[in-house]
Amino acid sequence: MFNLFGSLMNSGPKIDRAEAVRQVTAGEALLVDVREEAELRSGRAKGALNLPLSRLHQSADPKSGHFDKHLAKAHKAGKPIYLYCASGARSSRAAGMMRTHGFEQVHNLGNLSKWAAGGGVILR
């Protein structure tokens, strides 16, 4: 049986979580948390930029007056962007949205525990 949720979660290339953590820690990649601000109380990845999915369409659109300066800088430099949320579903949607705005190196990391599994620090 086809599982749409599973296919969204598993789409795209497999991500080496430890390499993603290394890249973000070294400043070679950008980490974006697409959860809503109220969800951050449960913890967040150290170094993550919070751009909620509900506002990402404007934040990720270079033609918008709300284009996020961190995304602009990462995009211009050709840096990979790793996204996460609570389950991986919203970050998958966010990755697709960002690709429609011209971002090529966008990766769905999944959820916060995947960041931790790669050795990333979680702030509480």
# chains A, B, ... in the order shown; residues from 1 in each chain; ligands from 1
>>> residues_around(residues="A:Trp115", least_positions_apart="3", cutoff="9 Å", atoms="only C-alpha atoms", output="list in words")
Arg17, Ala18, Ala20, Val21, Ala45, Tyr84, Leu109, Gly110, Asn111, Leu112, Gly118, Gly119, Gly120, Val121 and Ile122 of chain A
>>> residues_around(residues="stretch 22-34 of chain A", least_positions_apart="5", cutoff="6 Å", atoms="only C-alpha atoms", output="list in words")
Ala48, Leu49, Asn50, Leu51, Pro52, Leu53, Lys79, Pro80, Ile81, Tyr82, Leu83, Tyr84 and Cys85 of chain A
>>> residues_around(residues="A:Ala95", least_positions_apart="2", cutoff="7 Å", atoms="only C-alpha atoms", output="list of chain:residue names")
A:Ser91, A:Ser92, A:Arg93, A:Met97, A:Met98, A:Arg99, A:Val106, A:His107, A:Asn108
>>> atom_distance(atom1="atom CA of A:Gly78", atom2="atom CA of A:Gln105")
7.4 Å
>>> select_by_dssp(residues="stretch 23-106 of chain A", states="alpha helix (DSSP H)", output="ChimeraX atom specification")
/A:23-25,53-59,69-77,89-100
>>> residues_around(residues="A:Arg124", least_positions_apart="5", cutoff="12 Å", atoms="only C-alpha atoms", output="number ranges by chain")
A: 39-46, 112
>>> write_last_selection(atoms="N, CA and C atoms", output="mmCIF file, in the first residue's frame")
data_model
loop_
_atom_site.group_PDB
_atom_site.id
_atom_site.type_symbol
_atom_site.label_atom_id
_atom_site.label_comp_id
_atom_site.auth_asym_id
_atom_site.auth_seq_id
_atom_site.Cartn_x
_atom_site.Cartn_y
_atom_site.Cartn_z
ATOM 1 N N GLU A 39 6.499 26.192 19.836
ATOM 2 C CA GLU A 39 7.065 24.844 19.897
ATOM 3 C C GLU A 39 8.515 24.831 20.352
ATOM 4 N N LEU A 40 9.173 25.966 20.329
ATOM 5 C CA LEU A 40 10.586 26.030 20.682
ATOM 6 C C LEU A 40 10.835 25.745 22.158
ATOM 7 N N ARG A 41 9.805 25.847 22.969
ATOM 8 C CA ARG A 41 9.956 25.567 24.408
ATOM 9 C C ARG A 41 10.381 24.130 24.676
ATOM 10 N N SER A 42 10.093 23.236 23.738
ATOM 11 C CA SER A 42 10.449 21.827 23.919
ATOM 12 C C SER A 42 11.927 21.575 23.607
ATOM 13 N N GLY A 43 12.621 22.606 23.149
ATOM 14 C CA GLY A 43 14.031 22.495 22.796
ATOM 15 C C GLY A 43 14.251 22.922 21.365
ATOM 16 N N ARG A 44 15.489 23.275 21.079
ATOM 17 C CA ARG A 44 15.840 23.668 19.709
ATOM 18 C C ARG A 44 17.301 23.343 19.464
ATOM 19 N N ALA A 45 17.640 23.183 18.230
ATOM 20 C CA ALA A 45 19.020 22.872 17.867
ATOM 21 C C ALA A 45 19.876 24.118 18.014
ATOM 22 N N LYS A 46 21.036 23.942 18.604
ATOM 23 C CA LYS A 46 21.968 25.053 18.757
ATOM 24 C C LYS A 46 22.365 25.565 17.375
ATOM 25 N N LEU A 112 13.930 17.053 15.315
ATOM 26 C CA LEU A 112 15.000 17.485 16.208
ATOM 27 C C LEU A 112 15.835 16.314 16.720
#
>>> residues_around(residues="stretch 54-63 of chain A", least_positions_apart="6", cutoff="10 Å", atoms="only C-alpha atoms", output="PyMOL selection string")
chain A and resi 34-36+69-72+75+90+94+97-103
>>> write_last_selection(atoms="N, CA, C and O atoms", output="PDB file, in the first residue's frame")
ATOM      1  N   VAL A  34      11.608  24.983  11.229  1.00  0.00           N
ATOM      2  CA  VAL A  34      10.379  25.529  10.642  1.00  0.00           C
ATOM      3  C   VAL A  34       9.167  25.381  11.566  1.00  0.00           C
ATOM      4  O   VAL A  34       8.045  25.602  11.144  1.00  0.00           O
ATOM      5  N   ARG A  35       9.415  25.054  12.830  1.00  0.00           N
ATOM      6  CA  ARG A  35       8.314  24.971  13.794  1.00  0.00           C
ATOM      7  C   ARG A  35       7.867  26.371  14.202  1.00  0.00           C
ATOM      8  O   ARG A  35       8.606  27.342  14.067  1.00  0.00           O
ATOM      9  N   GLU A  36       6.661  26.437  14.744  1.00  0.00           N
ATOM     10  CA  GLU A  36       6.135  27.709  15.249  1.00  0.00           C
ATOM     11  C   GLU A  36       6.866  28.076  16.538  1.00  0.00           C
ATOM     12  O   GLU A  36       7.391  27.209  17.242  1.00  0.00           O
ATOM     13  N   LYS A  69      17.402  37.630   5.560  1.00  0.00           N
ATOM     14  CA  LYS A  69      18.801  37.946   5.232  1.00  0.00           C
ATOM     15  C   LYS A  69      19.724  36.744   5.406  1.00  0.00           C
ATOM     16  O   LYS A  69      20.703  36.596   4.678  1.00  0.00           O
ATOM     17  N   HIS A  70      19.411  35.850   6.349  1.00  0.00           N
ATOM     18  CA  HIS A  70      20.240  34.654   6.545  1.00  0.00           C
ATOM     19  C   HIS A  70      20.083  33.684   5.374  1.00  0.00           C
ATOM     20  O   HIS A  70      21.061  33.092   4.908  1.00  0.00           O
ATOM     21  N   LEU A  71      18.834  33.532   4.894  1.00  0.00           N
ATOM     22  CA  LEU A  71      18.608  32.685   3.720  1.00  0.00           C
ATOM     23  C   LEU A  71      19.280  33.289   2.492  1.00  0.00           C
ATOM     24  O   LEU A  71      19.877  32.569   1.694  1.00  0.00           O
ATOM     25  N   ALA A  72      19.177  34.604   2.361  1.00  0.00           N
ATOM     26  CA  ALA A  72      19.792  35.279   1.210  1.00  0.00           C
ATOM     27  C   ALA A  72      21.294  35.047   1.198  1.00  0.00           C
ATOM     28  O   ALA A  72      21.878  34.727   0.154  1.00  0.00           O
ATOM     29  N   HIS A  75      22.058  31.356   0.407  1.00  0.00           N
ATOM     30  CA  HIS A  75      21.757  31.086  -1.004  1.00  0.00           C
ATOM     31  C   HIS A  75      22.840  31.668  -1.909  1.00  0.00           C
ATOM     32  O   HIS A  75      23.328  30.992  -2.822  1.00  0.00           O
ATOM     33  N   ARG A  90       6.552  18.928   8.029  1.00  0.00           N
ATOM     34  CA  ARG A  90       6.599  20.352   7.670  1.00  0.00           C
ATOM     35  C   ARG A  90       7.928  20.718   7.023  1.00  0.00           C
ATOM     36  O   ARG A  90       7.971  21.531   6.103  1.00  0.00           O
ATOM     37  N   ALA A  94       8.511  22.479   3.554  1.00  0.00           N
ATOM     38  CA  ALA A  94       9.348  23.679   3.494  1.00  0.00           C
ATOM     39  C   ALA A  94      10.440  23.525   2.428  1.00  0.00           C
ATOM     40  O   ALA A  94      10.731  24.467   1.686  1.00  0.00           O
ATOM     41  N   MET A  97       8.901  24.070  -0.931  1.00  0.00           N
ATOM     42  CA  MET A  97       8.590  25.481  -1.087  1.00  0.00           C
ATOM     43  C   MET A  97       9.852  26.273  -1.431  1.00  0.00           C
ATOM     44  O   MET A  97       9.852  27.123  -2.317  1.00  0.00           O
ATOM     45  N   MET A  98      10.930  25.968  -0.715  1.00  0.00           N
ATOM     46  CA  MET A  98      12.176  26.697  -0.960  1.00  0.00           C
ATOM     47  C   MET A  98      12.735  26.389  -2.347  1.00  0.00           C
ATOM     48  O   MET A  98      13.285  27.267  -3.006  1.00  0.00           O
ATOM     49  N   ARG A  99      12.574  25.156  -2.803  1.00  0.00           N
ATOM     50  CA  ARG A  99      13.047  24.806  -4.149  1.00  0.00           C
ATOM     51  C   ARG A  99      12.285  25.604  -5.208  1.00  0.00           C
ATOM     52  O   ARG A  99      12.880  25.995  -6.217  1.00  0.00           O
ATOM     53  N   THR A 100      10.994  25.856  -4.985  1.00  0.00           N
ATOM     54  CA  THR A 100      10.230  26.652  -5.952  1.00  0.00           C
ATOM     55  C   THR A 100      10.728  28.093  -6.003  1.00  0.00           C
ATOM     56  O   THR A 100      10.508  28.786  -6.991  1.00  0.00           O
ATOM     57  N   HIS A 101      11.408  28.535  -4.949  1.00  0.00           N
ATOM     58  CA  HIS A 101      11.968  29.883  -4.912  1.00  0.00           C
ATOM     59  C   HIS A 101      13.434  29.902  -5.344  1.00  0.00           C
ATOM     60  O   HIS A 101      14.131  30.901  -5.149  1.00  0.00           O
ATOM     61  N   GLY A 102      13.927  28.786  -5.894  1.00  0.00           N
ATOM     62  CA  GLY A 102      15.268  28.765  -6.467  1.00  0.00           C
ATOM     63  C   GLY A 102      16.374  28.214  -5.574  1.00  0.00           C
ATOM     64  O   GLY A 102      17.530  28.198  -5.981  1.00  0.00           O
ATOM     65  N   PHE A 103      16.045  27.772  -4.381  1.00  0.00           N
ATOM     66  CA  PHE A 103      17.062  27.168  -3.513  1.00  0.00           C
ATOM     67  C   PHE A 103      17.301  25.742  -3.999  1.00  0.00           C
ATOM     68  O   PHE A 103      16.363  24.967  -4.149  1.00  0.00           O
TER      69      PHE A 103
END
